[in-house]
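*Asks:* Input structure: data-v6.txt, which contains compact mmCIF, C-alpha atoms.
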# COMPACT_ATOMS: atom_id res chain seq x y z
CA MET A 1 51.30 415.85 -6.87
CA ALA A 2 51.93 416.47 -3.21
CA TRP A 3 54.23 414.25 -1.33
CA ASN A 4 51.48 413.01 0.85
CA GLU A 5 49.57 411.94 -2.18
CA LYS A 6 52.42 409.84 -3.55
CA ASN A 7 52.58 406.33 -2.27
CA GLY A 8 49.09 406.55 -0.98
CA GLY A 9 49.74 409.62 1.14
CA ASN A 10 52.18 407.72 3.45
CA PRO A 11 55.57 409.44 3.80
CA TRP A 12 57.17 406.21 5.08
CA ASN A 13 56.04 404.25 2.05
CA ASP A 14 59.06 403.45 -0.11
CA GLY A 15 58.13 402.13 -3.54
CA GLY A 16 55.17 400.17 -2.47
CA GLN A 17 56.83 399.03 0.84
CA GLN A 18 54.48 399.76 3.63
CA GLY A 19 55.48 400.82 7.24
CA PRO A 20 58.54 402.52 8.81
CA PRO A 21 62.12 401.55 7.91
CA ASP A 22 63.74 398.57 9.63
CA LEU A 23 65.77 399.86 12.57
CA ASP A 24 67.90 396.73 12.72
CA LYS A 25 68.94 397.31 9.12
CA VAL A 26 69.91 400.91 9.89
CA VAL A 27 72.06 399.78 12.82
CA ARG A 28 73.75 397.08 10.73
CA ASP A 29 74.52 399.58 7.98
CA LEU A 30 76.11 401.95 10.53
CA GLN A 31 78.18 399.15 12.04
CA ARG A 32 79.36 398.12 8.59
CA LYS A 33 80.50 401.62 7.77
CA LEU A 34 82.40 402.01 11.07
CA GLY A 35 83.97 398.60 10.66
CA GLY A 36 85.16 399.48 7.18
CA LEU A 37 86.71 402.67 8.55
CA PHE A 38 88.74 400.78 11.16
CA GLY A 39 89.56 397.78 8.93
CA GLY A 40 86.67 395.46 9.88
CA ARG A 41 84.76 393.18 7.57
CA GLY A 42 81.54 395.16 7.91
CA GLY A 43 79.29 392.26 8.97
CA SER A 44 77.85 389.16 7.26
CA GLY A 45 75.88 391.10 4.70
CA SER A 46 78.93 393.04 3.44
CA SER A 47 81.27 390.33 2.28
CA HIS A 48 81.75 392.18 -0.95
CA ALA A 49 83.23 395.42 0.75
CA LYS A 50 86.88 396.31 0.16
CA PRO A 51 89.31 396.41 3.14
CA SER A 52 90.15 400.18 3.44
CA GLY A 53 90.44 400.60 7.31
CA GLY A 54 94.32 400.47 7.52
CA ALA A 55 94.73 403.93 6.00
CA GLY A 56 92.32 405.50 8.51
CA LEU A 57 94.13 403.97 11.50
CA GLY A 58 97.45 405.34 10.28
CA VAL A 59 96.00 408.81 10.00
CA ILE A 60 94.71 408.67 13.55
CA ILE A 61 98.07 407.45 14.88
CA ALA A 62 99.85 410.23 13.00
CA ILE A 63 97.53 412.85 14.47
CA VAL A 64 98.08 411.48 17.96
CA VAL A 65 101.87 411.51 17.51
CA VAL A 66 101.79 415.11 16.24
CA LEU A 67 99.68 416.26 19.16
CA TRP A 68 101.93 414.43 21.63
CA SER A 69 105.02 416.05 20.09
CA LEU A 70 103.46 419.49 20.19
CA SER A 71 102.77 419.07 23.91
CA GLY A 72 106.54 419.19 24.48
CA ILE A 73 106.81 422.84 23.48
CA TYR A 74 107.14 425.18 26.49
CA LYS A 75 108.19 428.75 27.17
CA VAL A 76 110.53 430.06 29.90
CA ASP A 77 110.05 433.70 30.93
CA ASP A 78 112.91 436.13 31.51
CA ALA A 79 112.79 435.78 35.31
CA GLU A 80 112.51 431.97 35.21
CA ARG A 81 114.69 428.95 34.65
CA GLY A 82 113.39 425.67 33.24
CA VAL A 83 114.49 422.47 34.97
CA VAL A 84 114.07 419.43 32.71
CA MET A 85 113.59 416.08 34.45
CA GLN A 86 113.83 412.77 32.63
CA PHE A 87 112.06 409.90 34.34
CA GLY A 88 112.02 411.97 37.55
CA ARG A 89 115.75 412.77 37.58
CA TYR A 90 117.48 416.04 36.73
CA HIS A 91 118.41 416.27 33.05
CA SER A 92 119.19 419.91 32.13
CA THR A 93 118.43 423.56 32.78
CA THR A 94 116.97 425.81 30.09
CA MET A 95 117.24 429.59 29.85
CA PRO A 96 114.44 432.03 28.92
CA GLY A 97 112.80 431.46 25.53
CA LEU A 98 110.89 428.74 23.60
CA HIS A 99 112.08 425.18 24.11
CA TRP A 100 111.00 421.63 23.38
CA HIS A 101 111.36 418.50 25.47
CA ILE A 102 110.28 414.94 25.08
CA PRO A 103 106.71 414.98 26.38
CA PHE A 104 105.34 413.07 29.32
CA PRO A 105 105.99 410.43 30.54
CA ILE A 106 109.62 410.59 29.39
CA GLN A 107 110.43 414.19 30.37
CA GLN A 108 108.74 416.97 32.25
CA VAL A 109 109.68 420.59 32.98
CA ASP A 110 109.35 422.68 36.14
CA THR A 111 109.89 426.42 35.86
CA VAL A 112 111.38 428.29 38.84
CA ASN A 113 111.26 432.07 39.20
CA VAL A 114 114.77 433.06 40.29
CA ALA A 115 114.18 436.85 40.26
CA ALA A 116 111.00 437.25 42.31
CA VAL A 117 111.53 438.26 45.96
CA ASP A 118 109.12 436.68 48.43
CA SER A 119 108.77 437.51 52.10
CA TYR A 120 108.11 435.61 55.28
CA LYS A 121 106.71 437.39 58.34
CA HIS A 122 106.74 435.93 61.82
CA GLN A 123 106.23 437.15 65.40
CA THR A 124 108.35 435.53 68.08
CA ARG A 125 108.22 435.89 71.85
CA MET A 126 111.49 435.13 73.60
CA LEU A 127 113.77 435.90 76.53
CA THR A 128 116.79 438.20 76.33
CA SER A 129 120.13 437.62 78.04
CA ASP A 130 119.03 439.74 81.04
CA GLU A 131 115.92 437.54 81.44
CA ASN A 132 113.41 440.02 80.03
CA LEU A 133 110.51 439.03 77.80
CA VAL A 134 110.44 440.66 74.36
CA VAL A 135 108.19 440.31 71.31
CA VAL A 136 109.93 440.61 67.93
CA ASP A 137 108.19 440.98 64.56
CA THR A 138 110.54 439.80 61.81
CA VAL A 139 110.24 439.97 58.02
CA VAL A 140 112.61 437.80 55.97
CA GLN A 141 112.83 438.47 52.22
CA PHE A 142 114.30 435.77 49.99
CA ARG A 143 114.52 434.51 46.42
CA ARG A 144 115.17 431.16 44.78
CA GLY A 145 118.71 431.66 43.61
CA ASP A 146 119.53 428.03 42.71
CA PRO A 147 116.56 426.34 41.02
CA ILE A 148 118.16 422.88 40.98
CA ALA A 149 118.91 422.89 44.71
CA PHE A 150 115.50 424.41 45.40
CA LEU A 151 113.71 421.53 43.62
CA PHE A 152 115.82 418.53 44.61
CA ASN A 153 117.68 419.06 47.92
CA ILE A 154 114.87 419.84 50.39
CA ARG A 155 111.30 418.61 50.41
CA ASP A 156 109.79 421.98 51.48
CA PRO A 157 112.39 424.79 51.31
CA GLU A 158 110.03 427.59 52.36
CA SER A 159 108.91 425.77 55.52
CA THR A 160 112.55 425.09 56.26
CA LEU A 161 113.26 428.81 55.87
CA ALA A 162 110.55 429.66 58.40
CA GLU A 163 111.99 427.27 60.99
CA VAL A 164 115.56 428.43 60.40
CA ALA A 165 114.55 432.11 60.67
CA GLU A 166 112.77 431.58 63.98
CA SER A 167 115.70 429.64 65.39
CA ALA A 168 118.19 432.30 64.26
CA ILE A 169 116.27 435.25 65.72
CA ARG A 170 115.91 433.41 69.01
CA GLU A 171 119.64 432.77 69.15
CA ILE A 172 120.62 436.35 68.33
CA VAL A 173 118.08 438.07 70.58
CA GLY A 174 118.72 435.58 73.37
CA SER A 175 122.33 436.73 73.55
CA ALA A 176 121.46 440.47 73.78
CA THR A 177 119.90 442.66 76.47
CA LEU A 178 116.44 444.17 76.33
CA ASP A 179 117.72 447.75 76.00
CA PHE A 180 119.96 446.76 73.11
CA VAL A 181 117.10 444.99 71.32
CA VAL A 182 114.48 447.72 71.64
CA THR A 183 116.81 450.70 71.04
CA GLU A 184 120.00 450.93 69.03
CA GLY A 185 120.60 447.23 68.41
CA ARG A 186 117.92 446.54 65.78
CA THR A 187 120.18 447.02 62.77
CA GLU A 188 122.96 444.88 64.19
CA ILE A 189 120.54 442.14 65.22
CA ALA A 190 118.99 442.12 61.72
CA GLU A 191 122.40 441.79 60.05
CA ARG A 192 123.54 439.01 62.38
CA THR A 193 120.25 437.17 61.91
CA LYS A 194 120.52 437.41 58.13
CA ALA A 195 124.06 436.00 58.17
CA LEU A 196 123.04 433.13 60.45
CA ILE A 197 119.97 432.24 58.34
CA GLN A 198 121.97 432.28 55.11
CA ALA A 199 124.74 430.14 56.57
CA THR A 200 122.23 427.54 57.79
CA LEU A 201 120.37 427.46 54.46
CA ASP A 202 123.66 427.03 52.61
CA ASP A 203 124.53 424.08 54.85
CA TYR A 204 121.19 422.52 53.97
CA GLY A 205 121.66 423.24 50.26
CA SER A 206 118.22 424.81 50.03
CA GLY A 207 118.90 426.99 47.00
CA LEU A 208 117.34 429.99 48.78
CA GLU A 209 119.08 433.34 49.00
CA VAL A 210 118.13 435.73 51.83
CA THR A 211 118.06 439.30 50.54
CA SER A 212 117.16 441.13 53.77
CA VAL A 213 115.97 440.68 57.34
CA ASN A 214 114.00 443.49 58.98
CA LEU A 215 112.87 443.89 62.58
CA LEU A 216 109.53 445.65 62.22
CA ASP A 217 108.96 445.89 65.94
CA ALA A 218 110.77 444.82 69.08
CA ASN A 219 109.03 445.57 72.33
CA PHE A 220 107.98 444.03 75.59
CA PRO A 221 104.53 442.47 76.01
CA PRO A 222 101.76 444.77 77.27
CA GLN A 223 101.19 442.50 80.28
CA VAL A 224 104.55 443.48 81.77
CA GLN A 225 104.62 447.08 80.56
CA ALA A 226 104.31 448.65 84.03
CA SER A 227 107.11 446.52 85.47
CA VAL A 228 109.40 447.18 82.55
CA GLU A 229 108.79 450.91 82.76
CA ASP A 230 109.71 450.84 86.47
CA ALA A 231 112.87 448.91 85.65
CA ILE A 232 113.77 451.36 82.90
CA LYS A 233 113.21 454.32 85.25
CA ALA A 234 115.41 452.72 87.90
CA ARG A 235 118.09 452.08 85.33
CA GLU A 236 117.93 455.69 84.13
CA ASP A 237 118.22 456.91 87.74
CA LYS A 238 121.24 454.68 88.16
CA GLU A 239 122.86 456.12 85.08
CA ARG A 240 122.08 459.68 86.19
CA LEU A 241 123.54 459.15 89.64
CA GLY A 242 126.56 457.49 88.09
CA LEU A 243 127.12 460.52 85.86
CA GLU A 244 126.79 462.85 88.83
CA ALA A 245 129.29 460.81 90.81
CA GLN A 246 131.66 460.80 87.86
CA SER A 247 131.31 464.57 87.53
CA TYR A 248 132.06 465.01 91.23
CA ALA A 249 135.06 462.74 90.94
CA ASN A 250 136.29 464.66 87.92
CA ASP A 251 136.12 467.83 90.01
CA ILE A 252 137.50 466.65 93.34
CA VAL A 253 140.26 464.33 92.16
CA PRO A 254 142.23 466.94 90.17
CA ARG A 255 141.82 469.39 93.02
CA ALA A 256 143.11 466.85 95.52
CA ARG A 257 146.00 466.01 93.25
CA GLY A 258 146.81 469.72 92.93
CA ASN A 259 146.75 470.16 96.71
CA ALA A 260 148.95 467.13 97.12
CA ALA A 261 151.41 468.44 94.56
CA ARG A 262 151.42 471.85 96.28
CA GLN A 263 152.06 470.28 99.67
CA VAL A 264 154.88 468.25 98.22
CA LEU A 265 156.41 471.41 96.75
CA ASP A 266 155.94 473.23 100.07
CA ALA A 267 157.62 470.38 101.88
CA GLU A 268 160.51 470.38 99.44
CA ALA A 269 160.84 474.15 99.81
CA TYR A 270 160.74 473.85 103.60
CA SER A 271 163.34 471.11 103.47
CA ALA A 272 165.59 473.22 101.27
CA ARG A 273 165.14 476.24 103.56
CA VAL A 274 165.89 474.29 106.71
CA VAL A 275 168.94 472.72 105.16
CA ALA A 276 170.13 476.09 103.91
CA ASP A 277 169.53 477.66 107.33
CA ALA A 278 171.38 474.83 109.01
CA ARG A 279 174.30 475.19 106.66
CA GLY A 280 174.31 478.95 107.19
CA GLU A 281 174.27 478.53 110.99
CA THR A 282 177.05 476.01 110.70
CA ALA A 283 179.13 478.39 108.61
CA ARG A 284 178.42 481.25 111.02
CA PHE A 285 179.35 479.12 114.02
CA GLU A 286 182.57 478.07 112.39
CA ALA A 287 183.40 481.71 111.61
CA LEU A 288 182.49 482.67 115.18
CA LEU A 289 184.65 479.88 116.53
CA ASP A 290 187.54 481.20 114.53
CA GLU A 291 187.04 484.69 115.99
CA TYR A 292 186.60 483.30 119.48
CA SER A 293 189.88 481.48 119.28
CA LYS A 294 191.53 484.78 118.42
CA ALA A 295 189.85 486.99 121.11
CA PRO A 296 187.84 484.92 123.62
CA GLU A 297 186.91 487.75 126.04
CA VAL A 298 185.78 490.19 123.41
CA THR A 299 183.88 487.52 121.56
CA ARG A 300 182.20 486.28 124.73
CA GLU A 301 181.10 489.82 125.62
CA ARG A 302 179.78 490.47 122.16
CA LEU A 303 177.80 487.23 122.19
CA TYR A 304 176.32 488.10 125.55
CA LEU A 305 175.24 491.53 124.42
CA GLU A 306 173.76 490.24 121.19
CA THR A 307 171.83 487.61 123.09
CA ILE A 308 170.45 490.16 125.58
CA GLU A 309 169.56 492.45 122.69
CA SER A 310 167.67 489.73 120.89
CA VAL A 311 165.80 488.76 124.06
CA PHE A 312 164.81 492.24 125.16
CA GLY A 313 164.25 493.49 121.65
CA ALA A 314 161.26 491.19 121.22
CA THR A 315 159.48 492.30 124.42
CA ASN A 316 157.53 495.36 125.43
CA LYS A 317 159.33 497.51 127.90
CA VAL A 318 158.37 500.55 129.94
CA MET A 319 161.07 503.14 130.58
CA LEU A 320 160.61 505.30 133.73
CA ASP A 321 162.62 508.51 134.05
CA ALA A 322 162.90 509.78 137.63
CA ASP A 323 165.14 512.43 139.20
CA GLY A 324 168.15 511.19 141.01
CA SER A 325 167.87 507.66 139.71
CA GLY A 326 169.12 505.73 136.74
CA ASN A 327 167.09 504.02 134.07
CA LEU A 328 164.74 501.41 135.47
CA LEU A 329 163.86 498.48 133.29
CA TYR A 330 160.42 496.94 133.70
CA LEU A 331 159.76 493.48 132.41
CA PRO A 332 156.04 492.60 131.97
CA MET A 333 156.18 488.91 132.84
CA ASP A 334 152.49 488.29 132.32
CA GLN A 335 152.71 489.67 128.79
CA LEU A 336 155.80 487.60 128.13
CA MET A 337 153.95 484.44 129.14
CA LYS A 338 151.03 485.31 126.87
CA ARG A 339 153.39 485.98 123.99
CA GLN A 340 155.07 482.62 124.55
CA ASN A 341 151.72 480.82 124.40
CA LYS A 342 150.71 482.60 121.21
CA ILE A 343 154.03 481.75 119.58
CA VAL A 344 153.36 478.11 120.34
CA MET A 345 149.96 478.44 118.61
CA ARG A 346 151.72 480.07 115.58
CA GLU A 347 150.00 483.41 116.06
CA ALA A 348 151.63 486.84 115.95
CA PRO A 349 150.48 488.79 119.04
CA THR A 350 150.58 492.52 119.66
CA LEU A 351 151.56 493.32 123.26
CA ASP A 352 150.03 496.60 124.38
CA THR A 353 151.17 498.18 127.63
CA GLY A 354 149.19 501.33 127.35
CA PRO A 355 147.85 503.94 125.00
CA GLY A 356 150.15 504.79 122.14
CA SER A 357 152.22 501.65 122.43
CA GLY A 358 152.66 499.45 119.34
CA GLY A 359 154.30 496.22 118.37
CA GLY A 360 157.84 497.39 119.09
CA GLY A 361 157.55 500.65 117.14
CA SER A 362 156.62 503.23 119.85
CA ASP A 363 158.69 506.30 120.71
CA ALA A 364 159.50 504.96 124.16
CA GLN A 365 160.78 501.73 122.73
CA ARG A 366 162.90 503.52 120.16
CA GLN A 367 164.31 505.76 122.89
CA ARG A 368 165.04 502.74 125.06
CA SER A 369 166.79 501.01 122.21
CA GLY A 370 168.96 504.07 121.63
CA GLU A 371 169.88 504.27 125.29
CA ASP A 372 170.76 500.58 125.39
CA ALA A 373 173.01 501.06 122.40
CA ARG A 374 174.73 504.02 124.13
CA SER A 375 175.15 501.95 127.30
CA ARG A 376 176.76 499.14 125.35
CA GLY A 377 179.08 501.66 123.77
CA ASP A 378 180.08 503.11 127.17
CA ARG A 379 180.74 499.64 128.55
CA ARG A 380 182.94 498.85 125.64
Could you write out this structure as structure tokens?

*Replies:*
Amino acid sequence: MAWNEKNGGNPWNDGGQQGPPDLDKVVRDLQRKLGGLFGGRGGSGSSHAKPSGGAGLGVIIAIVVVLWSLSGIYKVDDAERGVVMQFGRYHSTTMPGLHWHIPFPIQQVDTVNVAAVDSYKHQTRMLTSDENLVVVDTVVQFRRGDPIAFLFNIRDPESTLAEVAESAIREIVGSATLDFVVTEGRTEIAERTKALIQATLDDYGSGLEVTSVNLLDANFPPQVQASVEDAIKAREDKERLGLEAQSYANDIVPRARGNAARQVLDAEAYSARVVADARGETARFEALLDEYSKAPEVTRERLYLETIESVFGATNKVMLDADGSGNLLYLPMDQLMKRQNKIVMREAPTLDTGPGSGGGGSDAQRQRSGEDARSRGDRR
């Protein structure tokens, strides 16, 4: 027989009971079962049920405790360090690997990557020591070398690093000139900035370690480019002119010193010659005095003749030979005066009295000199 034929064809008919099941009874049965699970009495209609809820509560508590304990397992990677805090205070540091700590709220773990290198980039506009405006792009690379100091000493270490880096680059660049910053001084400025940043961070106890500082670009702003180029050109002209002046000085100073040394040597030589001449004249005069004391007349005559010879020997003379007359001596006074003037001007003149005459080497002069010598011999 089909199910719809049983119980009069009504599927909700239960053994002669007509209509749908009682919903209140279903709810009470469900409440009784839940109450028995958690140790309740199960309602007024279940006074005969056995109290079996204590075992179920223990199972639930055990599961919760196991799950809470498992939440304390954590892993520290090779590049990290685990910092365990107990009730918010530092407790210990754990190395890479699997570890367990008392779960929250008793302990908690923060992992810090001590090997990763991060970078901070900043552009700063500042004045140099020669009052020029320069724009510097700086990149600071750092890592978290001390995880404990990084977590506990400073509220925001990375923001502190940014402020310290900007202050350091301003201090270093502010003490240098524009040419030094934009040309050969970049490496030195980067090293000095790195040392200053690291010293300041160490004073703060930040736990950060600066690995490098790089100056990507250091240049003047485009608004003042024309003025700076003019200043640079003027400075280059100044350097060029200075080098030219130095080259001229390097050439003229040694030459002047050489001339001075030569003049000093000439003066010393002149002094030695004059002294030697004076001593020679003195010796000759003393010898002559000795001869004069022995034969005054002969010595006086000889001195006279030698003096006349020296006087007339330096002049141009014209010898005239005429019948019935002796030798006539002609003294060209005008030429003598000219010669005297030229001697004063330290020039060596040549006195010409006619064709064929020379500076004391003509035939007439030689003949005259021979005759004078013969005359002196006759007088003696």

*Asks:* Could you check how far atom CA of A:His91 sits from atom CA of A:Asp78, in Å to one decimal?

*Replies:*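 Those two atoms sit 20.7 Å apart.
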
*Asks:* I'd like a table as CSV: residues in stretch 197-265 of chain A with an atom no more than 8 Å from stretch 151-158 of chain A, each row giving the shortest atom pair and its distance in Å to one decimal, only C-alpha atoms counted, sorted by chain and rising residue number.

*Replies:*
residue,atom,partner,partner_atom,distance
A:Tyr204,CA,A:Ile154,CA,7.7
A:Gly205,CA,A:Asn153,CA,6.2
A:Ser206,CA,A:Pro157,CA,6.0
A:Leu208,CA,A:Pro157,CA,7.6

*Asks:* May I ask for the distance between atom CA of A:Ile172 and atom CA of A:Ala234, given in Å to one decimal place?

*Replies:*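 Atom-to-atom, atom CA of A:Ile172 and atom CA of A:Ala234 are spaced 26.0 Å apart.
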
*Asks:* Extract, using only C-alpha atoms, all DNA, RNA and protein residues at most 12 Å from A:Phe87, discarding same-chain residues fewer than 3 positions from it, and format them as a list in words.

*Replies:*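 Close residues of A:Phe87: Val84, Tyr90, His91, Ile102, Pro103, Phe104, Pro105, Ile106, Gln107, Gln108 and Val109 of chain A.
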
*Asks:* Keeping C-alpha atoms for every residue in the selection just given, could you write it to a file as an mmCIF file, in the coordinates of the input?

*Replies:*
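Saved to again_16.cif:
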data_model
loop_
_atom_site.group_PDB
_atom_site.id
_atom_site.type_symbol
_atom_site.label_atom_id
_atom_site.label_comp_id
_atom_site.auth_asym_id
_atom_site.auth_seq_id
_atom_site.Cartn_x
_atom_site.Cartn_y
_atom_site.Cartn_z
ATOM 1 C CA VAL A 84 114.070 419.430 32.710
ATOM 2 C CA TYR A 90 117.480 416.040 36.730
ATOM 3 C CA HIS A 91 118.410 416.270 33.050
ATOM 4 C CA ILE A 102 110.280 414.940 25.080
ATOM 5 C CA PRO A 103 106.710 414.980 26.380
ATOM 6 C CA PHE A 104 105.340 413.070 29.320
ATOM 7 C CA PRO A 105 105.990 410.430 30.540
ATOM 8 C CA ILE A 106 109.620 410.590 29.390
ATOM 9 C CA GLN A 107 110.430 414.190 30.370
ATOM 10 C CA GLN A 108 108.740 416.970 32.250
ATOM 11 C CA VAL A 109 109.680 420.590 32.980
#

*Asks:* I'd like to know which of A:Leu127, A:Ala199, A:Ala314, A:Val140 is closest to A:Val173, using all atoms listed in the file.

*Replies:*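 Of all the options, A:Leu127 lies closest to A:Val173.
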
*Asks:* Please provide as a tab-separated table (two decimals) with C-alpha atoms, in the frame of the given file all residues within 7 Å of A:Val83, with the sequence filter that same-chain residues fewer than 2 positions apart are discarded (counting only C-alpha atoms).

*Replies:*
chain	number	residue	atom	x	y	z
A	81	ARG	CA	114.69	428.95	34.65
A	85	MET	CA	113.59	416.08	34.45
A	92	SER	CA	119.19	419.91	32.13
A	93	THR	CA	118.43	423.56	32.78
A	94	THR	CA	116.97	425.81	30.09
A	109	VAL	CA	109.68	420.59	32.98
A	110	ASP	CA	109.35	422.68	36.14
A	111	THR	CA	109.89	426.42	35.86

*Asks:* Listed atoms of stretch 286-298 of chain A, axis-aligned box, 3 Å per side: centre and edge lengths to one decimal in Å, as AutoDock Vina command-line options?

*Replies:*
--center_x 187.0 --center_y 484.1 --center_z 118.8 --size_x 15.0 --size_y 18.1 --size_z 20.4

*Asks:* For a test of reading the model, state the distance in Å between atom CA of A:Ile189 and atom CA of A:Ser129, rounded to one decimal.

*Replies:* 13.6 Å

*Asks:* Find the residue from A:Asp203, A:Asp137, A:Glu171, A:Glu184 that sits nearest to A:Asp217; use only C-alpha atoms when measuring.

*Replies:*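 Closest to A:Asp217, using only C-alpha atoms: A:Asp137.
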